[in-house]
There are 2 protein chains.
Amino acid sequence: MQDLYFKHPKFHVALDCIILGFDENELKLLLIKRGFEPEIGKWSLMGGFLGDQESLDQAARRVLKSLTGLTNVFMEQTYTYGTPERDPVSRTLSVAYYALIRTDLYDQQVAANYGAKWFSINDIPALIFDHNQMVKQALEMLQLKSKTKPIGFELLPERFTIPQIRKLYEAIDRQELDHRNFSKKVKAMPWLKKLDIKDKSNSKKGAYLYEFDPIIYKRQQADGINFSI
Amino acid sequence: MQDLYFKHPKFHVALDCIILGFDENELKLLLIKRGFEPEIGKWSLMGGFLGDQESLDQAARRVLKSLTGLTNVFMEQTYTYGTPERDPVSRTLSVAYYALIRTDLYDQQVAANYGAKWFSINDIPALIFDHNQMVKQALEMLQLKSKTKPIGFELLPERFTIPQIRKLYEAIDRQELDHRNFSKKVKAMPWLKKLDIKDKSNSKKGAYLYEFDPIIYKRQQADGINFSI
DNA sequence: GCAAAAGTGTTCACACTACACCCATGC
DNA sequence: GCATGGGTGTAGTGTGAACACTTTTGC
C-alpha cells in the first residue's frame with residue numbers, strides 16, 4: 001500500500017520570512033542580497049529549505065534566528081506558494097511566514113554578513129521570484145489581524161507612548177488617525193498599564209510611557225472581551 | 001550552484017479539501033471513507049497528491065472535481081500542515097483548501113463510489129491524522145471571511161430567500177440573529193435583486209426570492225462600498 | 001514668548017439593538 | 001379560524017467621527 005505514496009513526486013520545500021519592524025514611524029521590511037544563483041545579487045526575503053526532521057514552524061524560526069539572532073518572536077504562517085515555474089532551478093514550494101520584531105533587538109552583525117537591509121514598506125524594491133507578492137499578502141494579513149489581536153505591540157519596545165502606538169497603526173493601515181479619538185480608545189483598554197515616567201525623545205512636554213500587560217489581557221479575553229482597534 | 005538545492009530533502013505534498021455545503025439549515029461537511037492504509041475505513045477529508053506539473057490551486061481543484069464533479073467552485077487555501085509525524089507512512093506536507101458548494105449540484109453518483117457522506121459540522125466524527133484541526137481552522141476562516149466578503153452566497157442556490165440567508169449566517173456563526181434587523185441589513189445591499197416570485201417550500205405565505213448581482217457588487221466595490229454583515 | 005507635541009472634553013449623527021404588530025396562506 | 005412563517009416599523013442607546021482648546025517645556 002505504500003506504493004500509493006511512493007509513486008507520487010516529491011518536492012523541495014522552502015520557508016520564506018517576511019520580517020517586519022517599526023522604526024522612524026514607518027513599517028520596515030528586512031531584506032537580504034541573495035548570495036547564490038539564480039538571481040544572485042538581487043534583493044530577496046530571507047529563506048531556507050525545510051529539513052527532514054523539522055516542522056514548518058520550527059524551520060521558519062530557524063531561518064529567522066539565523067538572520068536576526070532572535071528567538072521567541074511573534075511569527076505566523078501566511079500562505080503557501082507552489083506554481084511549477086516559481087523557482088526556475090528546481091520545483092520548490094515555499095511556505096511564507098511573517099515575523100514581527102523589535103528593530104532595536106536584532107543582531108546587526110549577523111544581518112550585515114548577509115548584506116541585510118531595512119526597507120520602508122512604501123519603497124520595496126523588485127524582489128526575486130514571487131517574493132513581492134508574498135510581502136503584499138503578509139501586509140494584508142497584518143492589517144486584518146492587527147485590528148482584532150494585540151499583535152501590534154510586538155513591534156514596539158517594552159515601554160511605549162500612546163503617540164507611538166498611533167504612529168504604528170497609521171503605518172499599518174496607511175491612513176492618518178485622529179489623535180484624540182485614538183487616545184480615548186486605547187486608554188479604555190484595561191491591559192495597558194500607565195507608568196509614571198515620561199519619554200521626552202519626541203517632544204519637550206514628554207509623553208507618558210505605557211506597558212502591555214499580558215496577564216490582564218488573557219483574563220479579559222477569558223471573559224469574552226476582545227481586542228479591537 | 002544547483003547543489004544548494006539538491007542537497008536538501010524532498011517531500012510528498014498532499015492537498016486536502018474541506019468541502020462545505022448548506023442543507024436543512026445546517027452547514028455540512030463532505031467526508032469520505034478512506035480506501036487505503038494507513039487508517040483504512042476511517043473518515044477523512046478528500047485529498048490527493050500534488051502532481052509534477054500542477055500548481056497547488058490546480059491540484060486542489062482536481063481533487064474537488066474528482067469527488068464532486070464540480071468545477072468553477074469557490075475555493076481558497078487555508079493553511080499548510082507539516083509536522084514530521086503527521087502522516088505515519090511517509091513524511092507528507094498537506095496544503096488545506098476549503099470549498100463552498102451547492103449541495104444540490106454535486107455528483108452524487110461519484111461521491112457514492114468514494115463512500116462519501118455529508119456530516120453536520122456540529123457532529124463531525126473523529127478523522128484521520130490532523131484533519132479535525134484542518135476543519136476547525138477552515139471554519140474559523142469561513143466565519144471571518146463571510147463577514148466582509150459575500151462568499152456565503154456560494155453556498156446558496158441561484159435564487160434564495162432572505163430567511164434562507166439568515167439561516168445560513170446563523171449556521172456559520174453558530175448564533176441566532178434577529179430576523180427583523182437582519183432583513184433590514186440585507187435589503188440595504190444594492191447587489192441583491194428582488195424577484196417577483198415567491199418560494200413556498202418553507203411557509204404558506206411564501207418568501208420572496210432574491211438573486212445576487214455580481215455586476216452591481218463589483219461596481220459598488222470599486223466605489224469603496226464593501227460587504228459587511 | 002513661541003513653537004511643537006501631548007493631553008483632555010463635547011457634540012452630533014448614524015447604526016445597531018430590542019422590541020411588537022400585521023399579513024398571507026394551507027389546513 | 002388558527003397556526004406558521006414572512007414582512008415591516010419604531011424608539012432608545014451607545015459608539016464612532018468631527019472638532020477646539022489648554023498644558024508643558026526647550027529654545
# chains A, B, ... in the order shown; residues from 1 in each chain; ligands from 1

$ closest_atom_pairs --of "stretch 176-204 of chain A" --to "stretch 13-18 of chain D" --cutoff "12 Å" --atoms "only C-alpha atoms (C1' of nucleotides)" --output "tab-separated table"
residue	atom	partner	partner_atom	distance
A:Leu177	CA	D:DA17	C1'	10.8
A:Asp178	CA	D:DA17	C1'	9.1
A:His179	CA	D:DA18	C1'	11.8
A:Arg180	CA	D:DA18	C1'	10.4
A:Asn181	CA	D:DA17	C1'	8.4
A:Phe182	CA	D:DG16	C1'	10.5
A:Lys184	CA	D:DG16	C1'	11.0
A:Lys185	CA	D:DG16	C1'	10.0

$ interface_residues --of "chain A" --to "chain C" --cutoff "7 Å" --atoms "only C-alpha atoms (C1' of nucleotides)" --output "ChimeraX atom specification"
/A:203,205,207

$ interface_residues --of "chain D" --to "chain A" --cutoff "6 Å" --atoms "only C-alpha atoms (C1' of nucleotides)" --output "VMD selection string"
chain D and resid 24 to 26

$ write_last_selection --atoms "all heavy atoms" --output "short mmCIF file (atom, residue, chain, number, x, y, z; two decimals), in the first residue's frame"
data_model
loop_
_atom_site.label_atom_id
_atom_site.label_comp_id
_atom_site.auth_asym_id
_atom_site.auth_seq_id
_atom_site.Cartn_x
_atom_site.Cartn_y
_atom_site.Cartn_z
P DT D 24 0.66 71.98 33.17
OP1 DT D 24 0.47 70.99 34.24
OP2 DT D 24 0.58 73.43 33.43
"O5'" DT D 24 2.04 71.68 32.48
"C5'" DT D 24 2.36 70.36 32.05
"C4'" DT D 24 3.46 70.44 31.04
"O4'" DT D 24 3.01 71.18 29.89
"C3'" DT D 24 4.72 71.16 31.51
"O3'" DT D 24 5.70 70.16 31.73
"C2'" DT D 24 5.06 72.13 30.38
"C1'" DT D 24 4.15 71.66 29.25
N1 DT D 24 3.69 72.69 28.27
C2 DT D 24 4.04 72.55 26.94
O2 DT D 24 4.71 71.65 26.54
N3 DT D 24 3.54 73.53 26.11
C4 DT D 24 2.75 74.62 26.48
O4 DT D 24 2.38 75.43 25.66
C5 DT D 24 2.42 74.69 27.88
C7 DT D 24 1.59 75.82 28.39
C6 DT D 24 2.90 73.74 28.72
P DT D 25 7.00 70.43 32.63
OP1 DT D 25 7.49 69.15 33.17
OP2 DT D 25 6.72 71.58 33.49
"O5'" DT D 25 8.01 70.89 31.49
"C5'" DT D 25 8.24 70.02 30.39
"C4'" DT D 25 8.89 70.79 29.27
"O4'" DT D 25 7.96 71.66 28.60
"C3'" DT D 25 10.06 71.70 29.71
"O3'" DT D 25 11.16 71.39 28.90
"C2'" DT D 25 9.55 73.09 29.42
"C1'" DT D 25 8.66 72.79 28.19
N1 DT D 25 7.71 73.84 27.80
C2 DT D 25 7.56 74.13 26.46
O2 DT D 25 8.18 73.56 25.60
N3 DT D 25 6.64 75.12 26.18
C4 DT D 25 5.88 75.83 27.10
O4 DT D 25 5.10 76.70 26.74
C5 DT D 25 6.09 75.47 28.49
C7 DT D 25 5.34 76.19 29.56
C6 DT D 25 6.99 74.51 28.78
P DG D 26 12.63 71.24 29.55
OP1 DG D 26 12.80 69.89 30.10
OP2 DG D 26 12.87 72.42 30.40
"O5'" DG D 26 13.50 71.36 28.21
"C5'" DG D 26 13.06 70.67 27.05
"C4'" DG D 26 13.45 71.41 25.80
"O4'" DG D 26 12.45 72.43 25.49
"C3'" DG D 26 14.79 72.14 25.87
"O3'" DG D 26 15.47 71.99 24.62
"C2'" DG D 26 14.41 73.60 26.16
"C1'" DG D 26 13.05 73.72 25.46
N9 DG D 26 12.11 74.62 26.13
C8 DG D 26 11.91 74.73 27.49
N7 DG D 26 10.98 75.61 27.79
C5 DG D 26 10.54 76.09 26.56
C6 DG D 26 9.55 77.07 26.26
O6 DG D 26 8.84 77.69 27.05
N1 DG D 26 9.43 77.28 24.90
C2 DG D 26 10.16 76.61 23.94
N2 DG D 26 9.91 76.94 22.68
N3 DG D 26 11.09 75.70 24.20
C4 DG D 26 11.23 75.50 25.53
#

$ residues_around --residues "stretch 141-155 of chain B" --least-positions-apart "5" --cutoff "7 Å" --atoms "only C-alpha atoms (C1' of nucleotides)" --output "list in words"
Gly21, Phe22, Phe74, Leu100, Ile101, Arg102, Ile172, Asp173, Phe227, Ser228 and Ile229 of chain B

$ write_last_selection --atoms "C-alpha atoms" --output "PDB file, in the first residue's frame"
ATOM      1  CA  GLY B  21     -22.370  22.758   1.813  1.00  0.00           C
ATOM      2  CA  PHE B  22     -25.578  24.150   3.276  1.00  0.00           C
ATOM      3  CA  PHE B  74     -15.287  28.960  -4.742  1.00  0.00           C
ATOM      4  CA  LEU B 100     -18.100  26.159  -0.808  1.00  0.00           C
ATOM      5  CA  ILE B 101     -20.509  24.202  -2.969  1.00  0.00           C
ATOM      6  CA  ARG B 102     -24.225  23.963  -3.620  1.00  0.00           C
ATOM      7  CA  ILE B 172     -21.854  29.888  10.043  1.00  0.00           C
ATOM      8  CA  ASP B 173     -21.676  31.996  13.194  1.00  0.00           C
ATOM      9  CA  PHE B 227     -19.763  43.951   2.016  1.00  0.00           C
ATOM     10  CA  SER B 228     -20.369  43.769   5.730  1.00  0.00           C
ATOM     11  CA  ILE B 229     -22.708  41.619   7.739  1.00  0.00           C
TER      12      ILE B 229
END

$ atom_distance --atom1 "atom CA of B:Leu192" --atom2 "atom CA of B:Ile121"
27.8 Å

$ interface_residues --of "chain B" --to "chain A" --cutoff "8 Å" --atoms "only C-alpha atoms" --output "PDB file with N, CA and C atoms, in the first residue's frame"
ATOM      1  N   MET B   1      26.086  25.495  -8.594  1.00  0.00           N
ATOM      2  CA  MET B   1      25.242  26.159  -7.596  1.00  0.00           C
ATOM      3  C   MET B   1      23.949  25.385  -7.356  1.00  0.00           C
ATOM      4  N   GLN B   2      23.600  24.545  -8.299  1.00  0.00           N
ATOM      5  CA  GLN B   2      22.378  23.782  -8.096  1.00  0.00           C
ATOM      6  C   GLN B   2      22.513  22.799  -6.936  1.00  0.00           C
ATOM      7  N   TYR B   5      20.463  23.365  -4.000  1.00  0.00           N
ATOM      8  CA  TYR B   5      19.122  22.823  -3.975  1.00  0.00           C
ATOM      9  C   TYR B   5      19.159  21.325  -3.688  1.00  0.00           C
ATOM     10  N   HIS B   8      19.237  19.242  -0.441  1.00  0.00           N
ATOM     11  CA  HIS B   8      18.123  19.332   0.505  1.00  0.00           C
ATOM     12  C   HIS B   8      17.086  18.253   0.242  1.00  0.00           C
ATOM     13  N   PRO B   9      16.411  17.816   1.297  1.00  0.00           N
ATOM     14  CA  PRO B   9      15.420  16.742   1.148  1.00  0.00           C
ATOM     15  C   PRO B   9      14.192  17.209   0.383  1.00  0.00           C
ATOM     16  N   LYS B  10      13.508  16.237  -0.177  1.00  0.00           N
ATOM     17  CA  LYS B  10      12.238  16.499  -0.841  1.00  0.00           C
ATOM     18  C   LYS B  10      11.115  15.810  -0.081  1.00  0.00           C
ATOM     19  N   PHE B  11       9.904  16.285  -0.344  1.00  0.00           N
ATOM     20  CA  PHE B  11       8.765  15.801   0.441  1.00  0.00           C
ATOM     21  C   PHE B  11       7.566  15.516  -0.459  1.00  0.00           C
ATOM     22  N   HIS B  12       6.766  14.556  -0.033  1.00  0.00           N
ATOM     23  CA  HIS B  12       5.450  14.415  -0.644  1.00  0.00           C
ATOM     24  C   HIS B  12       4.598  15.610  -0.244  1.00  0.00           C
ATOM     25  N   VAL B  13       3.781  16.047  -1.187  1.00  0.00           N
ATOM     26  CA  VAL B  13       2.867  17.143  -0.875  1.00  0.00           C
ATOM     27  C   VAL B  13       1.449  16.721  -1.235  1.00  0.00           C
ATOM     28  N   PHE B  36      -7.546   3.312   1.671  1.00  0.00           N
ATOM     29  CA  PHE B  36      -6.246   2.627   1.708  1.00  0.00           C
ATOM     30  C   PHE B  36      -5.551   2.881   3.039  1.00  0.00           C
ATOM     31  N   GLU B  37      -4.573   2.056   3.305  1.00  0.00           N
ATOM     32  CA  GLU B  37      -3.817   2.168   4.558  1.00  0.00           C
ATOM     33  C   GLU B  37      -2.905   3.376   4.500  1.00  0.00           C
ATOM     34  N   PHE B  49      -2.493  13.763  -4.006  1.00  0.00           N
ATOM     35  CA  PHE B  49      -1.109  14.215  -4.029  1.00  0.00           C
ATOM     36  C   PHE B  49      -0.880  15.253  -5.114  1.00  0.00           C
ATOM     37  N   LEU B  50       0.033  16.152  -4.843  1.00  0.00           N
ATOM     38  CA  LEU B  50       0.404  17.163  -5.831  1.00  0.00           C
ATOM     39  C   LEU B  50       1.185  16.506  -6.961  1.00  0.00           C
ATOM     40  N   GLY B  51       0.809  16.842  -8.202  1.00  0.00           N
ATOM     41  CA  GLY B  51       1.500  16.293  -9.359  1.00  0.00           C
ATOM     42  C   GLY B  51       2.638  17.186  -9.818  1.00  0.00           C
ATOM     43  N   ASP B  52       3.450  16.639 -10.692  1.00  0.00           N
ATOM     44  CA  ASP B  52       4.678  17.320 -11.116  1.00  0.00           C
ATOM     45  C   ASP B  52       4.445  18.660 -11.790  1.00  0.00           C
ATOM     46  N   GLN B  53       3.387  18.731 -12.580  1.00  0.00           N
ATOM     47  CA  GLN B  53       3.205  19.922 -13.403  1.00  0.00           C
ATOM     48  C   GLN B  53       2.097  20.849 -12.914  1.00  0.00           C
ATOM     49  N   GLU B  54       1.543  20.527 -11.770  1.00  0.00           N
ATOM     50  CA  GLU B  54       0.387  21.289 -11.299  1.00  0.00           C
ATOM     51  C   GLU B  54       0.774  22.392 -10.324  1.00  0.00           C
ATOM     52  N   SER B  55      -0.005  23.459 -10.325  1.00  0.00           N
ATOM     53  CA  SER B  55       0.065  24.400  -9.209  1.00  0.00           C
ATOM     54  C   SER B  55      -0.790  23.837  -8.078  1.00  0.00           C
ATOM     55  N   LEU B  56      -0.643  24.412  -6.896  1.00  0.00           N
ATOM     56  CA  LEU B  56      -1.425  23.952  -5.747  1.00  0.00           C
ATOM     57  C   LEU B  56      -2.921  24.140  -6.000  1.00  0.00           C
ATOM     58  N   GLN B  77      -7.176  28.510  -0.346  1.00  0.00           N
ATOM     59  CA  GLN B  77      -6.192  27.861   0.507  1.00  0.00           C
ATOM     60  C   GLN B  77      -6.336  28.392   1.932  1.00  0.00           C
ATOM     61  N   THR B  78      -6.213  27.496   2.911  1.00  0.00           N
ATOM     62  CA  THR B  78      -6.290  27.977   4.285  1.00  0.00           C
ATOM     63  C   THR B  78      -4.942  27.921   5.000  1.00  0.00           C
ATOM     64  N   TYR B  79      -4.314  26.758   5.012  1.00  0.00           N
ATOM     65  CA  TYR B  79      -3.128  26.608   5.850  1.00  0.00           C
ATOM     66  C   TYR B  79      -2.378  25.364   5.395  1.00  0.00           C
ATOM     67  N   THR B  80      -1.073  25.340   5.681  1.00  0.00           N
ATOM     68  CA  THR B  80      -0.258  24.182   5.325  1.00  0.00           C
ATOM     69  C   THR B  80       0.239  23.486   6.578  1.00  0.00           C
ATOM     70  N   TYR B  81       0.038  22.191   6.617  1.00  0.00           N
ATOM     71  CA  TYR B  81       0.364  21.379   7.792  1.00  0.00           C
ATOM     72  C   TYR B  81       1.585  20.532   7.484  1.00  0.00           C
ATOM     73  N   GLY B  82       2.569  20.555   8.394  1.00  0.00           N
ATOM     74  CA  GLY B  82       3.802  19.875   8.035  1.00  0.00           C
ATOM     75  C   GLY B  82       4.619  19.311   9.176  1.00  0.00           C
ATOM     76  N   THR B  83       3.989  18.968  10.287  1.00  0.00           N
ATOM     77  CA  THR B  83       4.797  18.333  11.335  1.00  0.00           C
ATOM     78  C   THR B  83       5.292  16.988  10.829  1.00  0.00           C
ATOM     79  N   PRO B  84       6.491  16.600  11.234  1.00  0.00           N
ATOM     80  CA  PRO B  84       7.113  15.382  10.690  1.00  0.00           C
ATOM     81  C   PRO B  84       6.266  14.131  10.914  1.00  0.00           C
ATOM     82  N   VAL B  89       3.199   7.047   7.369  1.00  0.00           N
ATOM     83  CA  VAL B  89       3.816   6.237   6.319  1.00  0.00           C
ATOM     84  C   VAL B  89       5.040   6.926   5.738  1.00  0.00           C
ATOM     85  N   SER B  90       4.852   8.133   5.275  1.00  0.00           N
ATOM     86  CA  SER B  90       5.949   8.861   4.666  1.00  0.00           C
ATOM     87  C   SER B  90       5.710  10.319   4.981  1.00  0.00           C
ATOM     88  N   VAL B  95      -1.426  20.775   2.108  1.00  0.00           N
ATOM     89  CA  VAL B  95      -1.972  22.116   1.935  1.00  0.00           C
ATOM     90  C   VAL B  95      -3.483  21.992   1.928  1.00  0.00           C
TER      91      VAL B  95
END

$ residues_around --residues "stretch 106-118 of chain A" --least-positions-apart "2" --cutoff "8 Å" --atoms "only C-alpha atoms (C1' of nucleotides)" --output "list in words"
Lys28, Leu29, Leu30, Leu31, Ile32, Lys33, Gly35, Ser66, Leu67, Thr68, Gly69, Leu70, Ile101, Arg102, Thr103, Asp104 and Ser120 of chain A

$ select_by_dssp --residues "stretch 85-207 of chain A" --states "helix (DSSP H, G or I)" --output "count of residues only"
51

$ atom_distance --atom1 "atom CA of B:Ile225" --atom2 "atom CA of B:Met189"
9.9 Å

$ atom_distance --atom1 "atom CA of B:Arg166" --atom2 "atom CA of A:Gly224"
24.2 Å

$ select_by_dssp --residues "stretch 5-152 of chain A" --states "strand (DSSP E)" --output "MDAnalysis selection string"
chainID A and resid 10:23 26:33 43:44 46:49 74:81 92:100 117:120

$ write_last_selection --atoms "C-alpha atoms" --output "mmCIF file, in the first residue's frame"
data_model
loop_
_atom_site.group_PDB
_atom_site.id
_atom_site.type_symbol
_atom_site.label_atom_id
_atom_site.label_comp_id
_atom_site.auth_asym_id
_atom_site.auth_seq_id
_atom_site.Cartn_x
_atom_site.Cartn_y
_atom_site.Cartn_z
ATOM 1 C CA LYS A 10 8.415 14.800 -4.127
ATOM 2 C CA PHE A 11 9.286 18.461 -3.917
ATOM 3 C CA HIS A 12 11.739 20.813 -2.338
ATOM 4 C CA VAL A 13 10.071 22.902 0.320
ATOM 5 C CA ALA A 14 11.365 26.312 1.300
ATOM 6 C CA LEU A 15 10.398 28.776 4.016
ATOM 7 C CA ASP A 16 10.452 32.497 3.377
ATOM 8 C CA CYS A 17 10.253 35.067 6.143
ATOM 9 C CA ILE A 18 8.637 38.453 5.838
ATOM 10 C CA ILE A 19 10.479 40.164 8.684
ATOM 11 C CA LEU A 20 8.775 43.372 9.751
ATOM 12 C CA GLY A 21 9.936 46.058 12.133
ATOM 13 C CA PHE A 22 8.805 49.544 13.128
ATOM 14 C CA ASP A 23 11.237 52.430 13.086
ATOM 15 C CA GLU A 26 7.484 53.572 9.389
ATOM 16 C CA LEU A 27 6.935 49.865 8.875
ATOM 17 C CA LYS A 28 10.163 48.314 7.638
ATOM 18 C CA LEU A 29 10.974 45.088 5.889
ATOM 19 C CA LEU A 30 14.291 43.273 6.322
ATOM 20 C CA LEU A 31 15.703 42.048 3.025
ATOM 21 C CA ILE A 32 18.942 40.330 2.070
ATOM 22 C CA LYS A 33 21.096 40.368 -1.019
ATOM 23 C CA TRP A 43 17.050 41.587 -3.102
ATOM 24 C CA SER A 44 15.197 38.743 -1.520
ATOM 25 C CA MET A 46 15.356 35.575 3.996
ATOM 26 C CA GLY A 47 14.602 31.954 3.292
ATOM 27 C CA GLY A 48 15.781 28.414 3.766
ATOM 28 C CA PHE A 49 14.934 24.841 2.965
ATOM 29 C CA PHE A 74 5.789 36.541 17.045
ATOM 30 C CA MET A 75 5.588 34.576 13.818
ATOM 31 C CA GLU A 76 2.747 33.221 11.753
ATOM 32 C CA GLN A 77 2.303 31.272 8.571
ATOM 33 C CA THR A 78 0.573 33.234 5.845
ATOM 34 C CA TYR A 79 0.321 31.277 2.626
ATOM 35 C CA THR A 80 1.978 28.575 0.555
ATOM 36 C CA TYR A 81 3.180 29.305 -2.959
ATOM 37 C CA THR A 92 10.167 24.334 -4.976
ATOM 38 C CA LEU A 93 7.164 25.108 -2.849
ATOM 39 C CA SER A 94 7.518 27.964 -0.438
ATOM 40 C CA VAL A 95 5.660 28.407 2.797
ATOM 41 C CA ALA A 96 5.673 32.070 3.792
ATOM 42 C CA TYR A 97 5.802 33.297 7.383
ATOM 43 C CA TYR A 98 5.716 36.821 8.693
ATOM 44 C CA ALA A 99 7.599 37.864 11.804
ATOM 45 C CA LEU A 100 7.136 40.980 13.930
ATOM 46 C CA LYS A 117 18.996 45.996 4.890
ATOM 47 C CA TRP A 118 15.772 47.536 6.161
ATOM 48 C CA PHE A 119 13.395 48.955 3.562
ATOM 49 C CA SER A 120 10.341 51.068 4.150
#
